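Here's the structure we're looking at; comments come further down.
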Amino acid sequence: MTASTTATPCTVITIDGPAAAGKGTLARRLAEHYGFAYLDTGLLYRAVGRRLLDRGGDPCDVAAAVEVASSLRPEALEDPTLRSDETASAASQVAVIPDVRQTLLQFQKRFAASPPGGAPGVVIDGRDIGTVVCPHTPYKLFVMASLEERVERRLKELREQGIESIHGRVLQEMKDRDARDSQRDVAPLVKSEDALLIDTTEMAPEMVFSVALDHLSAQGLAPPELRS
């Protein structure tokens, strides 16, 4: 696919990577910069996991998980409890179910093909966006950071939410999530060969943003002031 020098309704920027690597921070900055719509696909799986937990169900219950995924509405992504560790754990269990992934894949593809609000493009972050959801876009980023740095970021995020967590517990949960994400049979977390790898371990958010902009520009994505 040849990179376009101007944004079109199907312009898609994908950002993949493990938990707490900085995907969301970068995605929101890029979406604001370009005037694109933003989708955090992790919230889709969290919403399914959260609803199952609220029903007293098992996140590994395939039939129940598929039923919830099929009826998911965008407003479900606004639930503040989706950011909890309990929900994150349920989400990673739900995410290994092939039929759930297939159902939510269609949600993501519709979002990319028809951005809400008439936006000229989309920024989508997750685990398999550049490899499965939108593999043909030339605008791909893969964000990573060391495990210890990601644990510290997660602890800081929880403290800011008024939630006290134990380092060892967060560390183990992140290890478990990494293992599930990278070892699942369907759409595992892997870097697309044509994605730019950004290691954010020792980088400030502004530097990460700058590196991403330089790469996207080199790929042919014009800055917003030059778009028609």
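The chains in the structure tokens are called A, B, ... from first to last as shown; in each chain the residues are counted from 1, and the ligands are counted from 1 in the order shown.
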- Show which residues sit within 10 Å of A:Ser146, as a ChimeraX atom specification. Count only C-alpha atoms, and ignore same-chain residues fewer than 2 positions away. /A:18,20-21,144,148-151,199-202
The selected residues should be written to file as a tab-separated table (two decimals), in the first residue's frame (atoms: C-alpha atoms).
chain	number	residue	atom	x	y	z
A	18	PRO	CA	2.05	-4.39	26.06
A	20	ALA	CA	1.51	0.40	30.48
A	21	ALA	CA	4.04	0.91	27.68
A	144	MET	CA	7.29	-1.02	24.51
A	148	GLU	CA	9.85	-2.77	35.82
A	149	GLU	CA	9.14	0.62	34.24
A	150	ARG	CA	5.67	-0.53	33.24
A	151	VAL	CA	4.97	-1.76	36.77
A	199	ASP	CA	11.16	1.88	23.54
A	200	THR	CA	9.70	4.39	25.99
A	201	THR	CA	11.54	3.12	29.09
A	202	GLU	CA	13.69	6.23	29.43
- helix (DSSP H, G or I) per DSSP on the backbone: members of stretch 89-155 of chain A, as an NGL selection string: :A and (89-94 or 98-113 or 116-118 or 129-133 or 147-155)
Preceding selection exported with C-alpha atoms as a PDB file, in the first residue's frame:
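Produced file selection_37.pdb, reproduced below:
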ATOM      1  CA  SER A  89      -7.315  -9.520  34.469  1.00  0.00           C
ATOM      2  CA  ALA A  90     -10.781 -10.499  33.231  1.00  0.00           C
ATOM      3  CA  ALA A  91     -10.115  -8.721  29.939  1.00  0.00           C
ATOM      4  CA  SER A  92      -6.955 -10.707  29.248  1.00  0.00           C
ATOM      5  CA  GLN A  93      -8.876 -13.940  29.878  1.00  0.00           C
ATOM      6  CA  VAL A  94     -11.685 -12.879  27.558  1.00  0.00           C
ATOM      7  CA  PRO A  98     -11.341 -16.680  19.376  1.00  0.00           C
ATOM      8  CA  ASP A  99     -15.062 -15.981  18.917  1.00  0.00           C
ATOM      9  CA  VAL A 100     -14.876 -12.931  21.177  1.00  0.00           C
ATOM     10  CA  ARG A 101     -11.918 -11.583  19.238  1.00  0.00           C
ATOM     11  CA  GLN A 102     -13.747 -12.141  15.954  1.00  0.00           C
ATOM     12  CA  THR A 103     -16.836 -10.334  17.228  1.00  0.00           C
ATOM     13  CA  LEU A 104     -14.881  -7.348  18.528  1.00  0.00           C
ATOM     14  CA  LEU A 105     -12.740  -7.339  15.387  1.00  0.00           C
ATOM     15  CA  GLN A 106     -15.809  -6.326  13.410  1.00  0.00           C
ATOM     16  CA  PHE A 107     -16.463  -3.473  15.872  1.00  0.00           C
ATOM     17  CA  GLN A 108     -12.913  -2.205  15.342  1.00  0.00           C
ATOM     18  CA  LYS A 109     -13.038  -2.523  11.561  1.00  0.00           C
ATOM     19  CA  ARG A 110     -16.285  -0.554  11.425  1.00  0.00           C
ATOM     20  CA  PHE A 111     -14.706   2.165  13.556  1.00  0.00           C
ATOM     21  CA  ALA A 112     -11.680   2.361  11.244  1.00  0.00           C
ATOM     22  CA  ALA A 113     -13.772   2.380   8.064  1.00  0.00           C
ATOM     23  CA  PRO A 116     -17.320   8.781  14.344  1.00  0.00           C
ATOM     24  CA  GLY A 117     -18.070  12.464  13.986  1.00  0.00           C
ATOM     25  CA  GLY A 118     -16.822  12.562  10.410  1.00  0.00           C
ATOM     26  CA  ILE A 129      -4.115  -3.579  15.424  1.00  0.00           C
ATOM     27  CA  GLY A 130      -1.219  -3.403  12.973  1.00  0.00           C
ATOM     28  CA  THR A 131      -1.120  -7.163  12.436  1.00  0.00           C
ATOM     29  CA  VAL A 132      -4.805  -8.153  12.323  1.00  0.00           C
ATOM     30  CA  VAL A 133      -7.271  -5.263  12.501  1.00  0.00           C
ATOM     31  CA  LEU A 147       8.679  -4.649  32.732  1.00  0.00           C
ATOM     32  CA  GLU A 148       9.854  -2.766  35.822  1.00  0.00           C
ATOM     33  CA  GLU A 149       9.139   0.617  34.245  1.00  0.00           C
ATOM     34  CA  ARG A 150       5.667  -0.532  33.237  1.00  0.00           C
ATOM     35  CA  VAL A 151       4.970  -1.762  36.769  1.00  0.00           C
ATOM     36  CA  GLU A 152       6.038   1.603  38.214  1.00  0.00           C
ATOM     37  CA  ARG A 153       3.803   3.441  35.747  1.00  0.00           C
ATOM     38  CA  ARG A 154       0.874   1.226  36.655  1.00  0.00           C
ATOM     39  CA  LEU A 155       1.425   1.785  40.384  1.00  0.00           C
TER      40      LEU A 155
END
Distance query A:Asp125 at most 9 Å, only C-alpha atoms, self and fewer than 3 positions along chain excluded, as a short mmCIF file (atom, residue, chain, number, x, y, z; two decimals) with C-alpha atoms, in the first residue's frame:
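After the write, around.cif holds the following:
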data_model
loop_
_atom_site.label_atom_id
_atom_site.label_comp_id
_atom_site.auth_asym_id
_atom_site.auth_seq_id
_atom_site.Cartn_x
_atom_site.Cartn_y
_atom_site.Cartn_z
CA ILE A 13 -2.59 5.04 12.66
CA THR A 14 -2.07 1.83 14.64
CA ILE A 15 -0.25 1.59 17.96
CA ASP A 16 0.43 -1.82 19.48
CA GLY A 17 2.33 -2.88 22.57
CA LYS A 23 0.22 3.41 23.95
CA GLY A 24 -2.73 5.36 25.26
CA ALA A 27 -2.51 7.62 20.84
CA TYR A 38 -9.41 7.55 18.88
CA LEU A 39 -10.24 4.00 19.93
CA ASP A 40 -8.61 2.19 22.84
CA THR A 41 -9.40 -1.40 21.86
CA GLY A 42 -8.32 -2.67 25.26
CA ASP A 128 -3.04 -6.72 17.27
CA ILE A 129 -4.11 -3.58 15.42
CA GLY A 130 -1.22 -3.40 12.97
#
- Query: If you run DSSP on this backbone, which residues of stretch 20-138 of chain A come out as strand (DSSP E or B), and could you give them as a list of chain:residue names?
  - Reply: A:Ala37, A:Tyr38, A:Leu39, A:Asp40, A:Gly121, A:Val122, A:Val123, A:Ile124, A:Asp125, A:Gly126
- Query: Quick one: of A:Arg159, A:Arg55, A:His33, A:Lys140, who's nearest to A:Ser84, counting only C-alpha atoms?
  - Reply: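 Comparing A:Arg159, A:Arg55, A:His33, A:Lys140 against A:Ser84, the winner is A:Arg159.
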- If we count only C-alpha atoms, what is near stretch 207-218 of chain A at a cut-off of 12 Å, once residues fewer than 3 positions away on the same chain are taken out, given as an MDAnalysis selection string? chainID A and resid 3:7 11:15 21:34 137:145 194:204 221:224 226
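Within 9 Å of A:Asp181, once only C-alpha atoms are used and residues closer than 6 positions along the same chain are dropped, the contacting residues are Pro18, Ser92, Ala95, Val96, Arg127, Ala187, Pro188 and Leu189 of chain A.
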Can you spit out the residues from that selection as an mmCIF file, in the first residue's frame, using N, CA and C atoms?
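Result file is out_15.cif:
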data_model
loop_
_atom_site.group_PDB
_atom_site.id
_atom_site.type_symbol
_atom_site.label_atom_id
_atom_site.label_comp_id
_atom_site.auth_asym_id
_atom_site.auth_seq_id
_atom_site.Cartn_x
_atom_site.Cartn_y
_atom_site.Cartn_z
ATOM 1 N N PRO A 18 2.542 -3.815 24.808
ATOM 2 C CA PRO A 18 2.050 -4.391 26.060
ATOM 3 C C PRO A 18 1.440 -3.340 26.978
ATOM 4 N N SER A 92 -7.979 -9.883 29.891
ATOM 5 C CA SER A 92 -6.955 -10.707 29.248
ATOM 6 C C SER A 92 -7.409 -12.156 29.124
ATOM 7 N N ALA A 95 -9.859 -12.097 26.168
ATOM 8 C CA ALA A 95 -9.179 -11.822 24.902
ATOM 9 C C ALA A 95 -8.602 -13.060 24.230
ATOM 10 N N VAL A 96 -8.482 -14.166 24.958
ATOM 11 C CA VAL A 96 -7.936 -15.380 24.340
ATOM 12 C C VAL A 96 -9.029 -16.218 23.679
ATOM 13 N N ARG A 127 -3.340 -4.565 20.877
ATOM 14 C CA ARG A 127 -2.317 -5.613 20.849
ATOM 15 C C ARG A 127 -2.088 -6.168 19.439
ATOM 16 N N ALA A 187 -4.242 -14.143 17.258
ATOM 17 C CA ALA A 187 -3.794 -12.752 17.288
ATOM 18 C C ALA A 187 -2.936 -12.426 18.502
ATOM 19 N N PRO A 188 -1.820 -13.115 18.691
ATOM 20 C CA PRO A 188 -0.948 -12.795 19.826
ATOM 21 C C PRO A 188 -0.282 -11.435 19.644
ATOM 22 N N LEU A 189 0.225 -10.901 20.751
ATOM 23 C CA LEU A 189 0.933 -9.625 20.705
ATOM 24 C C LEU A 189 2.294 -9.823 20.052
#
- Message: When you count only C-alpha atoms, which of these residues is closest to A:Thr87: A:Ile124, A:Val48, A:Val62, A:Ala69?
- Response: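 Closest residue, counting only C-alpha atoms: A:Val48.
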- Between A:Asp61, A:Leu72, A:Lys175, A:Lys156, single out the one closest to A:Tyr45, counting only C-alpha atoms.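 Counting only C-alpha atoms, the residue closest to A:Tyr45 is A:Leu72.
Straight-line separation from atom CA of A:Ser70 to atom CA of A:Glu173: 27.4 Å.
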